[in-house]
Structures are given as structure tokens and as C-alpha cells.
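Notes for the one structure printed next.
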Amino acid sequence: MIVLASKSPRRKEILKALGYDFIVCPAKKDEVFDLNLGLDEALKKVAESKVKEVKESYLNSIIISADTIVCLDDKILGKPKSKAEAIETLKSLSNRRHQVKTGVCIVYKNQTFLHVETTDVYFKKLADEDILSYVNSGKCMDKAGSYGIQECDFVDHIEGDYTNVVGLPKYVVESSIVKLNPIEK
């Protein structure tokens, strides 16, 4: 059995698209980044802490957790707390490159796989009215960096894994599941 330790609808969609049957058991702890570890290590720790929270209930299962952040100039751009913050975030990303990083932890029995996938995202120059229209749609409020790549046309191009920007790098996940425990889909 596979357990997804996340309530993200985007992660559920990606895992479903891979063809796996799974259950959802989201971790409830707040995400705490220890930036003294460095960004990649802090992401791994957050993802690992989510797995540890649900592992006791699913000892013989593959447990997958992830945490995605958006970084601009080494600053983490989290989920916006207000429409005004979303507008400012999107203005700061306009016509610039930023990074999307996802820390992934996959555990099966005594095996642990930890990985951080990084994708460079290049935004077009955004018009104020396009930003305002998107923010007013409300779609930005539950997303790191105030946008979802799958639902806006702000991106000029990316370098890396598209599904990482959505929230779960599918190639990393699938190859890890196969390595940890070859199972039938």
C-alpha cells in the first residue's frame, strides 16, 4: 500500500496519473524550516518529519511526503497571507527567474529516500491587470509563490521538471518507489 502524507490536491493528481492506488493521510504538524541547515537540507527535514508523523500507523506501507517552496534571490516565497501579498509576490516574479524546490521523502520499512528537486522557472513580464485578475480569481491563495503553473500563463519557460513545479516530481517519485519496493500498478 502507498500512503500520501499530504493533503495537496495537486500531489494526489500526480500520484494518480502515475497509476498507483494510494490512500491520503496528511501530516498535521506545522512546517518548520531550520534554515541553518541550508535550504535543501531544511526541505528534506520537513518532508521527513511528515513521514515520521504518519509512519507508526502504516508500518508496512510506502509513505510519500513532499514540501514545495518557491525561492527568489534566496528568499522563500510562501503561500500568500492576503491578496495584497499575492500581488506583491507576482510583481516581484515578473520578468525574472526563480526556483521551485520540492523536498521529497519516501519511506518503506527501514529504507528512506530523500531528495530535493529544483526547477528554474522564467516568468514573462506581467501586466498589472493580469496579476490582479489572477489574484482576484482566488487560485493563488493556497500556492507557494502565489501561482499555479498549471492554471496561469505567466511562465515563459522552465528548465527542469514541470511536475516539480506543480508540487511532486513524478519521475523522482516513480523511480524511488520502484527501487524501494517493486510493486505492480
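Ordered as shown in the C-alpha cells, chains take letters A, B, and onward, while each chain numbers its residues from 1 and ligands are numbered from 1 in the order shown.
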
Each residue of region 85-163 of chain A lying at most 9 Å from region 56-73 of chain A should get a row with its shortest atom-to-atom pair and the distance in Å to one decimal, counting only C-alpha atoms; could you produce that, ordered by chain and increasing number, as CSV?
residue,atom,partner,partner_atom,distance
A:Ser92,CA,A:Leu72,CA,8.4
A:Leu93,CA,A:Leu72,CA,7.6
A:Arg96,CA,A:Leu72,CA,8.8
A:Arg97,CA,A:Leu72,CA,7.6
A:His98,CA,A:Leu72,CA,4.9
A:Gln99,CA,A:Cys71,CA,5.2
A:Val100,CA,A:Val70,CA,4.5
A:Lys101,CA,A:Ile69,CA,5.4
A:Thr102,CA,A:Thr68,CA,4.2
A:Gly103,CA,A:Asp67,CA,5.3
A:Val104,CA,A:Ala66,CA,4.4
A:Cys105,CA,A:Ser65,CA,5.3
A:Ile106,CA,A:Ile64,CA,4.6
A:Val107,CA,A:Ile63,CA,5.2
A:Tyr108,CA,A:Ile62,CA,4.6
A:Lys109,CA,A:Asn60,CA,5.9
A:Ala144,CA,A:Ile69,CA,5.8
A:Gly145,CA,A:Val70,CA,5.4

Mind writing the picked residues with N, CA and C atoms as a PDB file, in the first residue's frame?
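Once everything was written out, this is part06.pdb:
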ATOM      1  N   SER A  92       7.040  40.764  -8.031  1.00  0.00           N
ATOM      2  CA  SER A  92       8.470  40.505  -7.832  1.00  0.00           C
ATOM      3  C   SER A  92       8.988  39.402  -8.761  1.00  0.00           C
ATOM      4  N   LEU A  93       8.099  38.494  -9.177  1.00  0.00           N
ATOM      5  CA  LEU A  93       8.496  37.408 -10.083  1.00  0.00           C
ATOM      6  C   LEU A  93       8.457  37.819 -11.549  1.00  0.00           C
ATOM      7  N   ARG A  96      11.409  37.641 -14.431  1.00  0.00           N
ATOM      8  CA  ARG A  96      12.577  37.152 -13.688  1.00  0.00           C
ATOM      9  C   ARG A  96      12.603  35.637 -13.640  1.00  0.00           C
ATOM     10  N   ARG A  97      13.763  35.120 -13.246  1.00  0.00           N
ATOM     11  CA  ARG A  97      13.932  33.688 -12.998  1.00  0.00           C
ATOM     12  C   ARG A  97      13.819  33.451 -11.505  1.00  0.00           C
ATOM     13  N   HIS A  98      13.127  32.382 -11.145  1.00  0.00           N
ATOM     14  CA  HIS A  98      13.099  31.948  -9.747  1.00  0.00           C
ATOM     15  C   HIS A  98      13.206  30.427  -9.736  1.00  0.00           C
ATOM     16  N   GLN A  99      13.323  29.870  -8.559  1.00  0.00           N
ATOM     17  CA  GLN A  99      13.445  28.417  -8.433  1.00  0.00           C
ATOM     18  C   GLN A  99      12.284  27.851  -7.640  1.00  0.00           C
ATOM     19  N   VAL A 100      11.858  26.670  -8.075  1.00  0.00           N
ATOM     20  CA  VAL A 100      10.890  25.893  -7.317  1.00  0.00           C
ATOM     21  C   VAL A 100      11.624  24.657  -6.832  1.00  0.00           C
ATOM     22  N   LYS A 101      11.566  24.431  -5.524  1.00  0.00           N
ATOM     23  CA  LYS A 101      12.255  23.291  -4.904  1.00  0.00           C
ATOM     24  C   LYS A 101      11.234  22.433  -4.176  1.00  0.00           C
ATOM     25  N   THR A 102      11.329  21.136  -4.398  1.00  0.00           N
ATOM     26  CA  THR A 102      10.473  20.210  -3.680  1.00  0.00           C
ATOM     27  C   THR A 102      11.342  19.199  -2.949  1.00  0.00           C
ATOM     28  N   GLY A 103      11.159  19.157  -1.636  1.00  0.00           N
ATOM     29  CA  GLY A 103      11.804  18.132  -0.830  1.00  0.00           C
ATOM     30  C   GLY A 103      10.887  16.918  -0.799  1.00  0.00           C
ATOM     31  N   VAL A 104      11.432  15.752  -1.130  1.00  0.00           N
ATOM     32  CA  VAL A 104      10.653  14.521  -1.178  1.00  0.00           C
ATOM     33  C   VAL A 104      11.251  13.519  -0.203  1.00  0.00           C
ATOM     34  N   CYS A 105      10.384  12.864   0.564  1.00  0.00           N
ATOM     35  CA  CYS A 105      10.810  11.767   1.429  1.00  0.00           C
ATOM     36  C   CYS A 105       9.893  10.584   1.135  1.00  0.00           C
ATOM     37  N   ILE A 106      10.514   9.446   0.828  1.00  0.00           N
ATOM     38  CA  ILE A 106       9.770   8.211   0.595  1.00  0.00           C
ATOM     39  C   ILE A 106      10.380   7.142   1.490  1.00  0.00           C
ATOM     40  N   VAL A 107       9.525   6.516   2.282  1.00  0.00           N
ATOM     41  CA  VAL A 107       9.983   5.507   3.241  1.00  0.00           C
ATOM     42  C   VAL A 107       9.229   4.205   3.006  1.00  0.00           C
ATOM     43  N   TYR A 108       9.976   3.125   3.051  1.00  0.00           N
ATOM     44  CA  TYR A 108       9.369   1.799   3.034  1.00  0.00           C
ATOM     45  C   TYR A 108      10.167   0.926   3.995  1.00  0.00           C
ATOM     46  N   LYS A 109       9.495   0.467   5.044  1.00  0.00           N
ATOM     47  CA  LYS A 109      10.119  -0.323   6.114  1.00  0.00           C
ATOM     48  C   LYS A 109      11.332   0.423   6.636  1.00  0.00           C
ATOM     49  N   ALA A 144       2.432  28.184  -2.934  1.00  0.00           N
ATOM     50  CA  ALA A 144       3.713  28.847  -2.706  1.00  0.00           C
ATOM     51  C   ALA A 144       4.040  29.699  -3.923  1.00  0.00           C
ATOM     52  N   GLY A 145       4.522  30.899  -3.686  1.00  0.00           N
ATOM     53  CA  GLY A 145       4.849  31.801  -4.782  1.00  0.00           C
ATOM     54  C   GLY A 145       3.646  32.475  -5.397  1.00  0.00           C
TER      55      GLY A 145
END

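With only C-alpha atoms as the basis for measurement, A:Ser146 is the residue among A:Thr163, A:Ser146, A:Ser6, A:Asn181 that approaches Thr89 (chain A) most closely.
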
Of A:Leu114, A:Cys140, A:Leu18, A:Ile87, the one sitting nearest Val51 (chain A) when using only C-alpha atoms is A:Leu114

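Here CA of Gly167 (chain A) stands at a distance of 23.3 Å from CA of Asp130 (chain A).
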
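Separating CA of Lys44 (chain A) from CA of Val116 (chain A) is a distance of 6.8 Å.
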
Separating CA of Pro169 (chain A) from CA of Leu15 (chain A), to the nearest tenth of an Å, is a gap of 9.7 Å

Exercise: Lys16 (chain A) partners within 12 Å, only C-alpha atoms, chain neighbours under 6 positions left out, as a PDB file with N, CA, C and O atoms, in the first residue's frame:
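File written: around-v1.pdb
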ATOM      1  N   ILE A   2       0.400   2.289  -0.676  1.00  0.00           N
ATOM      2  CA  ILE A   2       1.078   3.582  -0.699  1.00  0.00           C
ATOM      3  C   ILE A   2       0.244   4.575   0.092  1.00  0.00           C
ATOM      4  O   ILE A   2      -0.975   4.635  -0.051  1.00  0.00           O
ATOM      5  N   LEU A   4       0.045   8.672   0.936  1.00  0.00           N
ATOM      6  CA  LEU A   4       0.483  10.025   0.632  1.00  0.00           C
ATOM      7  C   LEU A   4       0.251  10.882   1.867  1.00  0.00           C
ATOM      8  O   LEU A   4      -0.893  11.103   2.271  1.00  0.00           O
ATOM      9  N   PRO A   9      -4.108  18.673  -3.355  1.00  0.00           N
ATOM     10  CA  PRO A   9      -4.827  18.063  -4.476  1.00  0.00           C
ATOM     11  C   PRO A   9      -3.923  17.857  -5.695  1.00  0.00           C
ATOM     12  O   PRO A   9      -4.109  16.913  -6.460  1.00  0.00           O
ATOM     13  N   ARG A  10      -2.933  18.706  -5.853  1.00  0.00           N
ATOM     14  CA  ARG A  10      -2.017  18.565  -6.989  1.00  0.00           C
ATOM     15  C   ARG A  10      -1.143  17.334  -6.829  1.00  0.00           C
ATOM     16  O   ARG A  10      -0.890  16.610  -7.797  1.00  0.00           O
ATOM     17  N   PHE A  22      -3.542   4.540  -3.809  1.00  0.00           N
ATOM     18  CA  PHE A  22      -2.962   5.075  -2.584  1.00  0.00           C
ATOM     19  C   PHE A  22      -4.066   5.615  -1.699  1.00  0.00           C
ATOM     20  O   PHE A  22      -5.191   5.839  -2.141  1.00  0.00           O
ATOM     21  N   ILE A  23      -3.708   5.817  -0.447  1.00  0.00           N
ATOM     22  CA  ILE A  23      -4.595   6.495   0.482  1.00  0.00           C
ATOM     23  C   ILE A  23      -3.917   7.794   0.916  1.00  0.00           C
ATOM     24  O   ILE A  23      -2.693   7.934   0.787  1.00  0.00           O
ATOM     25  N   VAL A  24      -4.706   8.715   1.415  1.00  0.00           N
ATOM     26  CA  VAL A  24      -4.184  10.000   1.856  1.00  0.00           C
ATOM     27  C   VAL A  24      -4.296  10.086   3.364  1.00  0.00           C
ATOM     28  O   VAL A  24      -5.357   9.851   3.939  1.00  0.00           O
ATOM     29  N   LEU A 168       5.052  17.808  -7.129  1.00  0.00           N
ATOM     30  CA  LEU A 168       5.613  16.484  -6.861  1.00  0.00           C
ATOM     31  C   LEU A 168       6.346  16.007  -8.106  1.00  0.00           C
ATOM     32  O   LEU A 168       5.724  15.743  -9.131  1.00  0.00           O
ATOM     33  N   LYS A 170       7.339  13.722 -10.535  1.00  0.00           N
ATOM     34  CA  LYS A 170       6.840  12.370 -10.761  1.00  0.00           C
ATOM     35  C   LYS A 170       7.939  11.368 -11.119  1.00  0.00           C
ATOM     36  O   LYS A 170       7.865  10.219 -10.711  1.00  0.00           O
ATOM     37  N   GLU A 174       8.430   8.012  -8.977  1.00  0.00           N
ATOM     38  CA  GLU A 174       8.239   6.686  -9.571  1.00  0.00           C
ATOM     39  C   GLU A 174       9.507   5.844  -9.500  1.00  0.00           C
ATOM     40  O   GLU A 174       9.465   4.672  -9.125  1.00  0.00           O
ATOM     41  N   LYS A 185       1.367  -1.766 -10.522  1.00  0.00           N
ATOM     42  CA  LYS A 185       0.426  -0.638 -10.526  1.00  0.00           C
ATOM     43  C   LYS A 185      -0.987  -1.173 -10.585  1.00  0.00           C
ATOM     44  O   LYS A 185      -1.254  -2.221 -11.084  1.00  0.00           O
TER      45      LYS A 185
END

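Nearest to Ala47 (chain A) of all the residues A:Ala5, A:Ile14, A:Ile177, A:Cys25 is A:Ala5, counting only C-alpha atoms.
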
request  = Run DSSP on the backbone and give me the residues of region 62-169 of chain A it puts in alpha helix (DSSP H), as a PyMOL selection string.
outcome  = chain A and resi 83-93+128-137+162-166

Resulting file, chosen residues, N, CA and C atoms, as a PDB file, in the first residue's frame:
ATOM      1  N   LYS A  83      -4.424  39.048  -0.384  1.00  0.00           N
ATOM      2  CA  LYS A  83      -4.375  39.374  -1.815  1.00  0.00           C
ATOM      3  C   LYS A  83      -3.260  40.374  -2.096  1.00  0.00           C
ATOM      4  N   ALA A  84      -3.066  41.315  -1.191  1.00  0.00           N
ATOM      5  CA  ALA A  84      -2.008  42.316  -1.376  1.00  0.00           C
ATOM      6  C   ALA A  84      -0.637  41.644  -1.433  1.00  0.00           C
ATOM      7  N   GLU A  85      -0.418  40.661  -0.561  1.00  0.00           N
ATOM      8  CA  GLU A  85       0.864  39.938  -0.572  1.00  0.00           C
ATOM      9  C   GLU A  85       1.022  39.139  -1.869  1.00  0.00           C
ATOM     10  N   ALA A  86      -0.056  38.526  -2.353  1.00  0.00           N
ATOM     11  CA  ALA A  86      -0.003  37.775  -3.614  1.00  0.00           C
ATOM     12  C   ALA A  86       0.363  38.698  -4.772  1.00  0.00           C
ATOM     13  N   ILE A  87      -0.218  39.890  -4.794  1.00  0.00           N
ATOM     14  CA  ILE A  87       0.085  40.858  -5.852  1.00  0.00           C
ATOM     15  C   ILE A  87       1.553  41.239  -5.811  1.00  0.00           C
ATOM     16  N   GLU A  88       2.056  41.548  -4.632  1.00  0.00           N
ATOM     17  CA  GLU A  88       3.469  41.925  -4.500  1.00  0.00           C
ATOM     18  C   GLU A  88       4.396  40.784  -4.911  1.00  0.00           C
ATOM     19  N   THR A  89       4.042  39.561  -4.532  1.00  0.00           N
ATOM     20  CA  THR A  89       4.863  38.402  -4.900  1.00  0.00           C
ATOM     21  C   THR A  89       4.912  38.248  -6.414  1.00  0.00           C
ATOM     22  N   LEU A  90       3.763  38.296  -7.062  1.00  0.00           N
ATOM     23  CA  LEU A  90       3.730  38.125  -8.515  1.00  0.00           C
ATOM     24  C   LEU A  90       4.456  39.262  -9.230  1.00  0.00           C
ATOM     25  N   LYS A  91       4.360  40.474  -8.706  1.00  0.00           N
ATOM     26  CA  LYS A  91       5.110  41.592  -9.291  1.00  0.00           C
ATOM     27  C   LYS A  91       6.621  41.342  -9.164  1.00  0.00           C
ATOM     28  N   SER A  92       7.040  40.764  -8.031  1.00  0.00           N
ATOM     29  CA  SER A  92       8.470  40.505  -7.832  1.00  0.00           C
ATOM     30  C   SER A  92       8.988  39.402  -8.761  1.00  0.00           C
ATOM     31  N   LEU A  93       8.099  38.494  -9.177  1.00  0.00           N
ATOM     32  CA  LEU A  93       8.496  37.408 -10.083  1.00  0.00           C
ATOM     33  C   LEU A  93       8.457  37.819 -11.549  1.00  0.00           C
ATOM     34  N   ASP A 128      -0.057  44.501 -14.873  1.00  0.00           N
ATOM     35  CA  ASP A 128      -0.755  44.654 -13.602  1.00  0.00           C
ATOM     36  C   ASP A 128      -2.169  44.088 -13.662  1.00  0.00           C
ATOM     37  N   GLU A 129      -2.867  44.297 -14.772  1.00  0.00           N
ATOM     38  CA  GLU A 129      -4.249  43.799 -14.874  1.00  0.00           C
ATOM     39  C   GLU A 129      -4.302  42.274 -14.903  1.00  0.00           C
ATOM     40  N   ASP A 130      -3.284  41.621 -15.478  1.00  0.00           N
ATOM     41  CA  ASP A 130      -3.241  40.150 -15.473  1.00  0.00           C
ATOM     42  C   ASP A 130      -3.001  39.621 -14.066  1.00  0.00           C
ATOM     43  N   ILE A 131      -2.112  40.282 -13.335  1.00  0.00           N
ATOM     44  CA  ILE A 131      -1.850  39.897 -11.943  1.00  0.00           C
ATOM     45  C   ILE A 131      -3.127  40.053 -11.119  1.00  0.00           C
ATOM     46  N   LEU A 132      -3.767  41.195 -11.231  1.00  0.00           N
ATOM     47  CA  LEU A 132      -4.972  41.473 -10.455  1.00  0.00           C
ATOM     48  C   LEU A 132      -6.093  40.487 -10.792  1.00  0.00           C
ATOM     49  N   SER A 133      -6.266  40.187 -12.053  1.00  0.00           N
ATOM     50  CA  SER A 133      -7.298  39.226 -12.466  1.00  0.00           C
ATOM     51  C   SER A 133      -7.037  37.849 -11.859  1.00  0.00           C
ATOM     52  N   TYR A 134      -5.784  37.398 -11.904  1.00  0.00           N
ATOM     53  CA  TYR A 134      -5.437  36.091 -11.347  1.00  0.00           C
ATOM     54  C   TYR A 134      -5.627  36.077  -9.830  1.00  0.00           C
ATOM     55  N   VAL A 135      -5.157  37.105  -9.161  1.00  0.00           N
ATOM     56  CA  VAL A 135      -5.293  37.171  -7.704  1.00  0.00           C
ATOM     57  C   VAL A 135      -6.772  37.208  -7.309  1.00  0.00           C
ATOM     58  N   ASN A 136      -7.566  37.968  -8.023  1.00  0.00           N
ATOM     59  CA  ASN A 136      -8.998  38.047  -7.710  1.00  0.00           C
ATOM     60  C   ASN A 136      -9.730  36.732  -7.970  1.00  0.00           C
ATOM     61  N   SER A 137      -9.153  35.852  -8.786  1.00  0.00           N
ATOM     62  CA  SER A 137      -9.766  34.538  -9.017  1.00  0.00           C
ATOM     63  C   SER A 137      -9.667  33.661  -7.768  1.00  0.00           C
ATOM     64  N   TYR A 162       8.579  19.829 -14.951  1.00  0.00           N
ATOM     65  CA  TYR A 162       7.315  20.553 -14.846  1.00  0.00           C
ATOM     66  C   TYR A 162       6.511  20.089 -13.628  1.00  0.00           C
ATOM     67  N   THR A 163       6.437  18.762 -13.405  1.00  0.00           N
ATOM     68  CA  THR A 163       5.627  18.262 -12.291  1.00  0.00           C
ATOM     69  C   THR A 163       6.206  18.674 -10.939  1.00  0.00           C
ATOM     70  N   ASN A 164       7.487  18.972 -10.895  1.00  0.00           N
ATOM     71  CA  ASN A 164       8.075  19.513  -9.676  1.00  0.00           C
ATOM     72  C   ASN A 164       7.449  20.867  -9.345  1.00  0.00           C
ATOM     73  N   VAL A 165       7.225  21.680 -10.361  1.00  0.00           N
ATOM     74  CA  VAL A 165       6.632  22.999 -10.150  1.00  0.00           C
ATOM     75  C   VAL A 165       5.176  22.856  -9.706  1.00  0.00           C
ATOM     76  N   VAL A 166       4.508  21.819 -10.187  1.00  0.00           N
ATOM     77  CA  VAL A 166       3.130  21.558  -9.770  1.00  0.00           C
ATOM     78  C   VAL A 166       3.098  21.110  -8.309  1.00  0.00           C
TER      79      VAL A 166
END

- Message: Quick check for you: according to DSSP on this backbone, which residues of region 5-174 of chain A are classed as strand (DSSP E or B)? Reply as a ChimeraX atom specification.
- Response: /A:22-24,62-72,75-77,97-108,111-123,155-159

Same residues, C-alpha atoms, saved as a PDB file, in the first residue's frame:
ATOM      1  CA  PHE A  22      -2.962   5.075  -2.584  1.00  0.00           C
ATOM      2  CA  ILE A  23      -4.595   6.495   0.482  1.00  0.00           C
ATOM      3  CA  VAL A  24      -4.184  10.000   1.856  1.00  0.00           C
ATOM      4  CA  ILE A  62       5.335   3.049   1.222  1.00  0.00           C
ATOM      5  CA  ILE A  63       4.884   6.550   2.625  1.00  0.00           C
ATOM      6  CA  ILE A  64       5.423   9.592   0.433  1.00  0.00           C
ATOM      7  CA  SER A  65       5.658  13.174   1.605  1.00  0.00           C
ATOM      8  CA  ALA A  66       6.793  16.357  -0.041  1.00  0.00           C
ATOM      9  CA  ASP A  67       7.123  20.056   0.573  1.00  0.00           C
ATOM     10  CA  THR A  68       7.417  22.625  -2.217  1.00  0.00           C
ATOM     11  CA  ILE A  69       8.795  26.140  -1.923  1.00  0.00           C
ATOM     12  CA  VAL A  70       9.395  28.982  -4.331  1.00  0.00           C
ATOM     13  CA  CYS A  71      12.657  30.936  -3.989  1.00  0.00           C
ATOM     14  CA  LEU A  72      13.591  34.305  -5.424  1.00  0.00           C
ATOM     15  CA  LYS A  75      14.179  34.337  -0.219  1.00  0.00           C
ATOM     16  CA  ILE A  76      11.373  31.824   0.323  1.00  0.00           C
ATOM     17  CA  LEU A  77       8.066  32.956  -1.143  1.00  0.00           C
ATOM     18  CA  ARG A  97      13.932  33.688 -12.998  1.00  0.00           C
ATOM     19  CA  HIS A  98      13.099  31.948  -9.747  1.00  0.00           C
ATOM     20  CA  GLN A  99      13.445  28.417  -8.433  1.00  0.00           C
ATOM     21  CA  VAL A 100      10.890  25.893  -7.317  1.00  0.00           C
ATOM     22  CA  LYS A 101      12.255  23.291  -4.904  1.00  0.00           C
ATOM     23  CA  THR A 102      10.473  20.210  -3.680  1.00  0.00           C
ATOM     24  CA  GLY A 103      11.804  18.132  -0.830  1.00  0.00           C
ATOM     25  CA  VAL A 104      10.653  14.521  -1.178  1.00  0.00           C
ATOM     26  CA  CYS A 105      10.810  11.767   1.429  1.00  0.00           C
ATOM     27  CA  ILE A 106       9.770   8.211   0.595  1.00  0.00           C
ATOM     28  CA  VAL A 107       9.983   5.507   3.241  1.00  0.00           C
ATOM     29  CA  TYR A 108       9.369   1.799   3.034  1.00  0.00           C
ATOM     30  CA  GLN A 111      14.597   2.241   3.733  1.00  0.00           C
ATOM     31  CA  THR A 112      14.459   6.002   3.297  1.00  0.00           C
ATOM     32  CA  PHE A 113      14.842   8.042   0.135  1.00  0.00           C
ATOM     33  CA  LEU A 114      15.383  11.801   0.494  1.00  0.00           C
ATOM     34  CA  HIS A 115      15.725  14.136  -2.462  1.00  0.00           C
ATOM     35  CA  VAL A 116      15.344  17.791  -3.406  1.00  0.00           C
ATOM     36  CA  GLU A 117      14.303  18.539  -6.975  1.00  0.00           C
ATOM     37  CA  THR A 118      14.986  22.050  -8.302  1.00  0.00           C
ATOM     38  CA  THR A 119      13.406  23.625 -11.359  1.00  0.00           C
ATOM     39  CA  ASP A 120      14.246  27.060 -12.751  1.00  0.00           C
ATOM     40  CA  VAL A 121      11.137  28.994 -13.782  1.00  0.00           C
ATOM     41  CA  TYR A 122      11.273  32.068 -16.011  1.00  0.00           C
ATOM     42  CA  PHE A 123       8.295  34.422 -15.866  1.00  0.00           C
ATOM     43  CA  VAL A 155       5.625  31.305 -17.413  1.00  0.00           C
ATOM     44  CA  ASP A 156       7.877  31.948 -20.400  1.00  0.00           C
ATOM     45  CA  HIS A 157       9.787  28.679 -19.969  1.00  0.00           C
ATOM     46  CA  ILE A 158      11.227  26.302 -17.393  1.00  0.00           C
ATOM     47  CA  GLU A 159      14.452  24.363 -17.027  1.00  0.00           C
TER      48      GLU A 159
END

Min atom-atom distance to Pro26 (chain A) from the set A:Arg11, A:Cys152, A:Asp161, A:Lys79, counting only C-alpha atoms, belongs to A:Arg11
